[in-house]
>>> print(open('query_20.csv').read())   # CSV, C-alpha atoms and all ligand atoms
chain,number,residue,atom,x,y,z
X,1,MET,CA,0.0,0.0,0.0
X,2,ILE,CA,2.9,2.4,0.9
X,3,GLN,CA,6.2,2.5,-0.8
X,4,VAL,CA,8.8,4.9,0.5
X,5,GLU,CA,12.0,5.2,-1.3
X,6,ALA,CA,15.2,7.0,-0.1
X,7,LEU,CA,13.1,9.7,1.7
X,8,THR,CA,15.2,12.6,2.8
X,9,ARG,CA,14.3,15.9,4.4
X,10,THR,CA,16.7,18.7,5.5
X,11,TYR,CA,16.0,21.8,7.5
X,12,GLY,CA,18.8,24.2,6.6
X,13,ASP,CA,22.0,22.3,7.5
X,14,LEU,CA,20.1,19.6,9.5
X,15,THR,CA,19.2,16.4,7.8
X,16,ALA,CA,16.2,15.4,9.9
X,17,VAL,CA,15.3,12.3,7.7
X,18,ASP,CA,18.1,10.6,5.8
X,19,GLN,CA,17.5,8.1,2.9
X,20,VAL,CA,14.7,6.2,4.7
X,21,SER,CA,13.0,3.4,2.6
X,22,PHE,CA,10.2,1.0,3.6
X,23,GLU,CA,7.1,-0.7,2.4
X,24,ILE,CA,3.9,-1.1,4.3
X,25,GLY,CA,1.1,-3.6,3.2
X,26,GLN,CA,-2.6,-3.3,3.4
X,27,GLY,CA,-4.0,-3.8,7.0
X,28,GLU,CA,-0.7,-3.6,8.8
X,29,ILE,CA,-0.3,-1.7,12.1
X,30,VAL,CA,3.3,-0.3,11.9
X,31,GLY,CA,5.0,1.6,14.7
X,32,LEU,CA,7.6,4.3,13.9
X,33,LEU,CA,9.7,4.2,17.0
X,34,GLY,CA,12.4,6.6,18.0
X,35,HIS,CA,13.6,9.1,20.6
X,36,ASN,CA,12.5,12.7,20.6
X,37,GLY,CA,13.9,14.4,17.5
X,38,ALA,CA,14.6,11.2,15.6
X,39,GLY,CA,12.6,12.3,12.6
X,40,LYS,CA,9.2,10.5,13.1
X,41,THR,CA,7.0,13.6,12.8
X,42,THR,CA,8.9,14.8,9.7
X,43,ILE,CA,8.4,11.4,8.1
X,44,MET,CA,4.7,11.5,9.0
X,45,LYS,CA,4.2,15.0,7.6
X,46,MET,CA,5.8,13.9,4.3
X,47,LEU,CA,3.6,10.7,4.2
X,48,THR,CA,0.5,12.9,4.6
X,49,GLY,CA,1.6,15.4,1.9
X,50,TYR,CA,1.9,18.3,4.3
X,51,LEU,CA,5.7,18.6,3.9
X,52,GLU,CA,7.7,18.1,0.8
X,53,PRO,CA,10.6,15.7,0.8
X,54,THR,CA,14.0,17.2,-0.1
X,55,SER,CA,14.5,14.1,-2.1
X,56,GLY,CA,13.1,10.5,-2.4
X,57,SER,CA,9.6,9.4,-3.2
X,58,ILE,CA,6.4,8.2,-1.6
X,59,GLU,CA,3.8,6.1,-3.4
X,60,ILE,CA,0.5,5.3,-1.8
X,61,ASP,CA,-1.7,2.8,-3.6
X,62,GLY,CA,0.5,3.2,-6.6
X,63,LEU,CA,0.1,7.0,-6.7
X,64,ASP,CA,3.1,9.3,-6.2
X,65,ILE,CA,2.2,11.8,-3.5
X,66,ALA,CA,4.2,14.5,-5.3
X,67,THR,CA,2.0,14.4,-8.3
X,68,HIS,CA,-1.3,13.2,-6.8
X,69,ARG,CA,-1.3,14.9,-3.5
X,70,GLU,CA,-5.0,15.8,-3.2
X,71,VAL,CA,-6.3,12.3,-4.3
X,72,VAL,CA,-3.9,10.6,-1.9
X,73,GLN,CA,-4.8,13.0,1.0
X,74,SER,CA,-8.5,12.1,0.4
X,75,TYR,CA,-7.8,8.6,1.7
X,76,ILE,CA,-5.5,9.4,4.6
X,77,GLY,CA,-6.7,10.2,8.1
X,78,TYR,CA,-4.1,12.1,10.1
X,79,LEU,CA,-3.8,12.8,13.8
X,80,PRO,CA,-1.0,15.4,14.1
X,81,GLU,CA,1.2,15.5,17.2
X,82,ASN,CA,-0.5,18.6,18.5
X,83,ASP,CA,-3.9,18.4,17.0
X,84,PRO,CA,-5.1,22.0,16.5
X,85,LEU,CA,-8.6,21.7,18.1
X,86,TYR,CA,-10.8,24.7,18.6
X,87,PRO,CA,-11.5,25.0,22.3
X,88,GLU,CA,-14.6,27.2,22.0
X,89,MET,CA,-16.4,24.8,19.6
X,90,THR,CA,-18.5,21.9,20.7
X,91,VAL,CA,-17.3,18.4,19.6
X,92,ILE,CA,-20.1,18.0,17.2
X,93,ASP,CA,-19.6,21.4,15.6
X,94,TYR,CA,-15.9,20.8,15.3
X,95,LEU,CA,-16.5,17.4,13.6
X,96,ASP,CA,-19.0,19.0,11.2
X,97,TYR,CA,-16.4,21.6,10.3
X,98,ALA,CA,-13.6,18.9,9.9
X,99,ALA,CA,-16.0,16.9,7.7
X,100,SER,CA,-16.4,19.9,5.4
X,101,LEU,CA,-12.6,20.2,5.2
X,102,HIS,CA,-12.3,16.5,4.4
X,103,GLY,CA,-14.8,17.1,1.5
X,104,VAL,CA,-17.5,14.8,3.0
X,105,PRO,CA,-20.7,15.7,1.0
X,106,LYS,CA,-23.3,17.6,3.1
X,107,GLY,CA,-25.9,14.9,2.8
X,108,GLU,CA,-23.5,12.3,4.3
X,109,ARG,CA,-22.0,14.4,7.1
X,110,ALA,CA,-24.5,13.6,9.9
X,111,GLU,CA,-24.1,9.9,9.3
X,112,ARG,CA,-20.3,10.1,9.2
X,113,ILE,CA,-20.1,12.2,12.3
X,114,ARG,CA,-22.4,9.8,14.1
X,115,GLU,CA,-20.2,6.9,13.1
X,116,ALA,CA,-17.0,8.7,14.1
X,117,ILE,CA,-18.5,9.6,17.5
X,118,ASP,CA,-19.6,6.0,18.0
X,119,SER,CA,-16.2,4.5,17.1
X,120,THR,CA,-14.4,6.8,19.4
X,121,GLU,CA,-17.0,6.5,22.2
X,122,LEU,CA,-17.5,10.2,22.3
X,123,SER,CA,-21.3,10.3,22.5
X,124,VAL,CA,-21.5,11.5,26.1
X,125,LYS,CA,-19.3,14.5,25.2
X,126,ALA,CA,-20.7,15.3,21.8
X,127,THR,CA,-22.3,18.6,22.8
X,128,ASP,CA,-19.6,19.6,25.2
X,129,THR,CA,-17.2,22.4,24.5
X,130,ILE,CA,-13.8,21.1,23.5
X,131,GLY,CA,-12.0,23.4,25.9
X,132,THR,CA,-13.7,21.6,28.8
X,133,LEU,CA,-12.5,18.1,27.8
X,134,SER,CA,-9.7,16.0,29.4
X,135,ARG,CA,-6.6,15.3,27.3
X,136,GLY,CA,-7.9,11.7,26.7
X,137,TYR,CA,-11.2,13.0,25.2
X,138,CYS,CA,-9.3,15.6,23.2
X,139,GLN,CA,-7.2,12.9,21.6
X,140,ARG,CA,-10.4,11.0,20.8
X,141,VAL,CA,-11.8,14.1,19.1
X,142,GLY,CA,-8.5,14.2,17.1
X,143,VAL,CA,-9.0,10.6,16.1
X,144,ALA,CA,-12.7,11.2,15.3
X,145,GLN,CA,-11.8,14.0,12.9
X,146,ALA,CA,-9.2,11.7,11.3
X,147,ILE,CA,-11.7,8.9,10.5
X,148,LEU,CA,-14.6,11.1,9.3
X,149,HIS,CA,-14.0,10.4,5.6
X,150,ASN,CA,-13.4,6.6,6.1
X,151,PRO,CA,-9.7,6.7,5.3
X,152,ARG,CA,-7.9,3.6,4.1
X,153,LEU,CA,-4.7,4.8,5.8
X,154,LEU,CA,-4.5,6.2,9.3
X,155,ILE,CA,-1.4,8.1,10.4
X,156,LEU,CA,-1.3,8.8,14.1
X,157,ASP,CA,1.5,10.9,15.5
X,158,GLU,CA,2.1,10.0,19.2
X,159,PRO,CA,-1.6,9.1,19.8
X,160,THR,CA,-1.2,8.3,23.5
X,161,ASN,CA,1.1,11.2,24.4
X,162,GLY,CA,0.1,12.8,27.6
X,163,LEU,CA,-2.7,10.3,28.4
X,164,ASP,CA,-3.1,8.6,31.8
X,165,PRO,CA,-2.9,4.8,32.0
X,166,THR,CA,-6.7,4.3,31.6
X,167,GLN,CA,-6.9,6.7,28.6
X,168,VAL,CA,-3.9,4.9,27.1
X,169,GLN,CA,-5.7,1.6,27.3
X,170,HIS,CA,-8.8,3.1,25.7
X,171,MET,CA,-6.7,4.6,22.9
X,172,ARG,CA,-5.0,1.3,22.2
X,173,ASP,CA,-8.3,-0.5,22.0
X,174,LEU,CA,-9.6,2.2,19.7
X,175,ILE,CA,-6.5,1.9,17.4
X,176,ARG,CA,-6.9,-1.9,17.3
X,177,ALA,CA,-10.5,-1.6,16.4
X,178,LEU,CA,-9.8,1.0,13.6
X,179,SER,CA,-7.0,-1.2,12.2
X,180,LYS,CA,-9.7,-3.6,11.1
X,181,ARG,CA,-10.7,-1.2,8.4
X,182,ALA,CA,-7.5,0.8,7.8
X,183,THR,CA,-3.8,0.5,7.6
X,184,VAL,CA,-2.3,2.2,10.6
X,185,ILE,CA,1.0,3.9,11.0
X,186,LEU,CA,1.7,5.4,14.4
X,187,SER,CA,4.7,7.1,15.9
X,188,THR,CA,5.9,6.8,19.4
X,189,HIS,CA,8.9,7.0,21.6
X,190,ILE,CA,7.4,4.5,24.0
X,191,LEU,CA,8.7,1.0,23.5
X,192,GLN,CA,5.7,-0.6,25.3
X,193,GLU,CA,3.4,1.2,22.9
X,194,VAL,CA,4.7,-0.7,19.9
X,195,GLN,CA,4.7,-3.9,21.8
X,196,ALA,CA,1.1,-3.5,22.8
X,197,ILE,CA,-0.4,-2.5,19.4
X,198,CYS,CA,1.9,-3.0,16.4
X,199,ASP,CA,2.5,-5.9,14.1
X,200,ARG,CA,5.8,-4.4,13.0
X,201,VAL,CA,8.2,-1.7,14.0
X,202,ILE,CA,10.5,0.6,12.1
X,203,ILE,CA,13.0,2.1,14.4
X,204,ILE,CA,14.2,5.6,13.4
X,205,ARG,CA,17.5,6.8,14.9
X,206,ASN,CA,19.0,10.2,14.1
X,207,GLY,CA,17.0,10.4,10.8
X,208,HIS,CA,18.0,6.9,9.7
X,209,LYS,CA,16.1,3.7,9.6
X,210,ALA,CA,17.9,1.6,12.2
X,211,LEU,CA,15.6,-1.5,12.1
X,212,ASP,CA,12.5,-2.8,10.3
X,213,ALA,CA,11.1,-6.1,11.7
X,214,THR,CA,7.9,-7.8,12.6
X,215,MET,CA,7.3,-8.0,16.4
X,216,ASP,CA,7.6,-11.8,16.2
X,217,GLU,CA,11.0,-11.6,14.4
X,218,LEU,CA,12.1,-9.0,16.8
X,219,GLN,CA,11.2,-10.7,20.1
X,220,ALA,CA,12.0,-14.3,19.3
X,221,GLY,CA,15.7,-14.7,20.1
X,222,ARG,CA,17.8,-17.5,18.8
X,223,ARG,CA,18.5,-18.9,22.3
X,224,LEU,CA,16.9,-21.5,24.5
X,225,LEU,CA,16.9,-20.9,28.2
X,226,VAL,CA,17.3,-24.1,30.3
X,227,ALA,CA,17.3,-24.7,34.1
X,228,VAL,CA,18.5,-28.1,35.3
X,229,ASP,CA,20.0,-29.5,38.5
X,230,ALA,CA,23.4,-30.3,36.8
X,231,GLY,CA,26.4,-28.0,37.2
X,232,PRO,CA,28.4,-26.5,34.3
X,233,GLU,CA,31.1,-29.2,34.5
X,234,GLN,CA,28.6,-31.8,33.2
X,235,ALA,CA,26.0,-29.6,31.5
X,236,LEU,CA,28.1,-27.5,29.1
X,237,ASP,CA,29.5,-30.5,27.3
X,238,LEU,CA,26.2,-32.3,27.0
X,239,PHE,CA,24.3,-29.2,25.7
X,240,LYS,CA,27.0,-28.5,23.2
X,241,SER,CA,26.7,-32.0,21.7
X,242,VAL,CA,23.0,-31.5,20.9
X,243,ASP,CA,22.2,-31.1,17.2
X,244,GLY,CA,21.4,-27.5,16.3
X,245,ILE,CA,23.2,-25.9,19.3
X,246,GLN,CA,26.2,-23.7,18.5
X,247,SER,CA,27.3,-22.5,21.9
X,248,VAL,CA,26.3,-22.6,25.6
X,249,GLU,CA,26.5,-19.9,28.2
X,250,SER,CA,26.2,-20.5,31.9
X,251,LEU,CA,23.9,-17.9,33.5
X,252,SER,CA,23.8,-16.6,37.0
X,253,ALA,CA,21.5,-18.6,39.3
X,254,TRP,CA,17.9,-17.7,39.3
X,255,GLY,CA,15.2,-19.9,40.7
X,256,PRO,CA,16.0,-23.6,41.3
X,257,GLY,CA,19.0,-25.3,39.6
X,258,HIS,CA,21.6,-24.0,37.2
X,259,ARG,CA,20.7,-21.9,34.2
X,260,TYR,CA,22.1,-22.0,30.7
X,261,ALA,CA,21.5,-20.2,27.5
X,262,LEU,CA,21.8,-22.4,24.4
X,263,ALA,CA,22.5,-20.5,21.2
X,264,LEU,CA,21.1,-22.1,18.1
X,265,ASP,CA,23.4,-22.5,15.1
X,266,SER,CA,22.2,-21.3,11.7
X,267,GLN,CA,20.4,-24.6,10.9
X,268,GLY,CA,18.9,-25.0,14.4
X,269,GLN,CA,15.1,-24.6,14.7
X,270,LEU,CA,13.5,-24.0,18.1
X,271,ALA,CA,10.8,-26.5,17.4
X,272,ASP,CA,13.3,-29.3,16.7
X,273,THR,CA,16.0,-28.4,19.1
X,274,ALA,CA,14.0,-27.9,22.3
X,275,PRO,CA,12.6,-31.5,22.3
X,276,ASN,CA,16.1,-32.9,21.6
X,277,VAL,CA,17.5,-30.9,24.6
X,278,ALA,CA,14.6,-32.2,26.8
X,279,LYS,CA,15.3,-35.8,25.7
X,280,ARG,CA,19.0,-35.5,26.5
X,281,ILE,CA,18.3,-34.1,29.9
X,282,ALA,CA,15.9,-37.0,30.6
X,283,THR,CA,18.4,-39.6,29.4
X,284,ALA,CA,21.1,-38.0,31.7
X,285,GLY,CA,18.6,-38.4,34.6
X,286,TRP,CA,18.8,-34.7,35.5
X,287,LYS,CA,15.9,-32.7,36.8
X,288,LEU,CA,14.5,-30.2,34.3
X,289,TYR,CA,13.1,-27.0,35.8
X,290,ALA,CA,12.6,-24.9,32.8
X,291,LEU,CA,13.0,-24.9,29.0
X,292,GLN,CA,11.9,-21.9,27.0
X,293,PRO,CA,12.8,-19.8,24.0
X,294,GLU,CA,14.4,-16.5,25.0
X,295,ARG,CA,12.2,-13.4,24.4
X,296,ARG,CA,13.9,-10.2,23.9
X,297,ASP,CA,12.1,-7.0,24.8
X,298,LEU,CA,12.3,-3.8,22.8
X,299,GLU,CA,14.5,-2.2,25.5
X,300,THR,CA,17.1,-4.8,24.9
X,301,ILE,CA,16.9,-4.5,21.1
X,302,PHE,CA,17.2,-0.7,21.4
X,303,GLY,CA,20.2,-1.2,23.6
X,304,GLU,CA,21.7,-3.6,21.0
X,305,ILE,CA,21.2,-1.1,18.2
X,306,SER,CA,22.8,1.6,20.2
X,307,ALA,CA,25.8,-0.6,21.0
X,308,GLN,CA,26.2,-1.5,17.3
X,309,GLU,CA,26.2,2.2,16.4
X,310,GLY,CA,28.7,2.9,19.2
X,311,ARG,CA,26.4,5.1,21.2
X,401,LIG,N1,10.4,23.2,11.0
X,401,LIG,C1,11.6,22.8,11.4
X,401,LIG,N2,12.7,23.6,11.3
X,401,LIG,C2,13.9,23.2,11.7
X,401,LIG,N3,14.2,22.0,12.3
X,401,LIG,C3,13.1,21.2,12.5
X,401,LIG,C4,11.8,21.5,12.1
X,401,LIG,N4,11.0,20.5,12.4
X,401,LIG,C5,11.8,19.5,13.0
X,401,LIG,N5,13.0,19.9,13.0
X,401,LIG,C6,14.2,19.2,13.6
X,401,LIG,O1,14.3,18.0,12.9
X,401,LIG,C7,14.6,16.9,13.7
X,401,LIG,C8,13.5,15.8,13.6
X,401,LIG,O2,12.3,16.3,14.2
X,401,LIG,P1,11.0,15.5,14.3
X,401,LIG,O3,9.9,16.4,14.9
X,401,LIG,O4,10.7,14.9,13.0
X,401,LIG,O5,11.4,14.4,15.3
X,401,LIG,P2,10.4,13.4,16.1
X,401,LIG,O6,11.1,12.0,16.1
X,401,LIG,O7,9.0,13.5,15.7
X,401,LIG,O8,10.6,14.0,17.6
X,401,LIG,P3,9.4,14.1,18.7
X,401,LIG,O9,9.1,12.8,19.2
X,401,LIG,O10,10.1,15.0,19.7
X,401,LIG,O11,8.2,14.8,18.1
X,401,LIG,C9,14.8,17.5,15.1
X,401,LIG,O12,16.2,17.7,15.3
X,401,LIG,C10,14.0,18.8,15.0
X,401,LIG,O13,14.5,19.7,15.9
>>> encode(input="query_20.csv", output="structure tokens", more="lines below")
Ligand SMILES: Nc1ncnc2c1ncn2[C@@H]1O[C@H](COP(=O)(O)OP(=O)(O)OP(=O)(O)O)[C@@H](O)[C@H]1O
Amino acid sequence: MIQVEALTRTYGDLTAVDQVSFEIGQGEIVGLLGHNGAGKTTIMKMLTGYLEPTSGSIEIDGLDIATHREVVQSYIGYLPENDPLYPEMTVIDYLDYAASLHGVPKGERAERIREAIDSTELSVKATDTIGTLSRGYCQRVGVAQAILHNPRLLILDEPTNGLDPTQVQHMRDLIRALSKRATVILSTHILQEVQAICDRVIIIRNGHKALDATMDELQAGRRLLVAVDAGPEQALDLFKSVDGIQSVESLSAWGPGHRYALALDSQGQLADTAPNVAKRIATAGWKLYALQPERRDLETIFGEISAQEGR
């Protein structure tokens, strides 16, 4: 659905986005993850056609945004980082105004506004003045304006920024529900956010793409964690001799027994290797306390990327 090729944007001497390329398929929920100032907002503004790239290209559904900006914008819903709401307007009046900006025909507006209010669970606040709403409700109004025209692509810049934990949960549920009918790209600097909502993450670091992976690829490590009652003098040799295991590391004690991390070799598959390890432990007559694939969290991965880049 989206093809981004060597996207670059400079502000004077600063290269805020540098040769970033990626593709996003229909129906995916993709997180753009990066620290403050990494370049996420700049990428999102270019994706929505509000900012021109210095170089590179963006195609959405086969249309180049540089030459088909208005058509492409008609099927994008955008929640900017600081959504400019009008505090003196009521929710419903603001959505009516936003619908007119989105070009929703007059005859369809009431229905579309009702649907957007239902989806974002705003009906209790529909006649309230925006200035009196909590931050969480304001964010929902922002999302409601973004979905009024039934966009196929939703671009949400820091959608949970500044929300309390309950509001964050509501927003996550809302994004998941919206992803059933639209492709979603969201930006965040919160690792847990991506873990909670996204299928895939693109990590942006100093304007560069540092990583692009599905959550499964990212989290499933290539190591098995084992806890047994045998000490390293026996265990290291035995584990090393199992097919598919490349190396074995003795870990500090945690829970019962001795713990080891078994790194798979390039041929080793978790599904084949884990039962082989269990069999060998049983044959040796050791007690097996735990045997599980190692899951890496995003914090660890972020740390690994920083280490690779020498920061
Ligand atoms: N209009 C502008 N003029 C000059 N520099 C800018 C402009 N907009 C952004 N920048 C700079 O470009 C870099 C990337 O900014 P951007 O807002 O895209 O990052 P971000 O990842 O969205 O950060 P945040 O999470 O803080 O919003 C930053 O160094 C920022 O200061």
>>> residues_near_ligand(input="query_20.csv", ligand="ligand LIG 401 (chain X)", cutoff="10 Å", atoms="only C-alpha atoms and all ligand atoms", output="ChimeraX atom specification")
/X:9-17,32-45,51,81-82,157-158,161,187-190,204-207
>>> closest_residue(input="query_20.csv", among="X:Asp128, X:Glu59, X:Glu299, X:Glu5", to="Gln19 of chain X", atoms="only C-alpha atoms")
X:Glu5
>>> closest_residue(input="query_20.csv", among="X:Lys240, X:Arg295, X:Arg109, X:Arg152", to="Asn276 of chain X", atoms="all atoms listed in the file")
X:Lys240
>>> atom_distance(input="query_20.csv", atom1="atom CA of Thr300 of chain X", atom2="atom CA of Ile24 of chain X")
24.7 Å
>>> closest_residue(input="query_20.csv", among="X:Val141, X:Gly31, X:Leu288, X:Val248", to="Ala213 of chain X", atoms="all atoms listed in the file")
X:Gly31
>>> atom_distance(input="query_20.csv", atom1="atom CA of Tyr137 of chain X", atom2="atom CA of Leu174 of chain X")
12.2 Å
>>> residues_around(input="query_20.csv", residues="Arg259 of chain X", least_positions_apart="3", cutoff="6 Å", atoms="all atoms listed in the file", output="PDB file with C-alpha atoms, keeping the file's coordinate frame")
ATOM      1  CA  VAL X 226      17.300 -24.100  30.300  1.00  0.00           C
ATOM      2  CA  ALA X 227      17.300 -24.700  34.100  1.00  0.00           C
ATOM      3  CA  LEU X 251      23.900 -17.900  33.500  1.00  0.00           C
TER       4      LEU X 251
END
>>> atom_distance(input="query_20.csv", atom1="atom CA of Cys138 of chain X", atom2="atom CA of Ile203 of chain X")
27.5 Å
>>> closest_residue(input="query_20.csv", among="X:Gly49, X:Thr273, X:Gln234, X:Tyr78", to="Ala66 of chain X", atoms="only C-alpha atoms")
X:Gly49
>>> residues_around(input="query_20.csv", residues="Arg200 of chain X", least_positions_apart="4", cutoff="10 Å", atoms="all atoms listed in the file", output="number ranges by chain")
X: 24, 28-32, 185, 194-195, 212-218
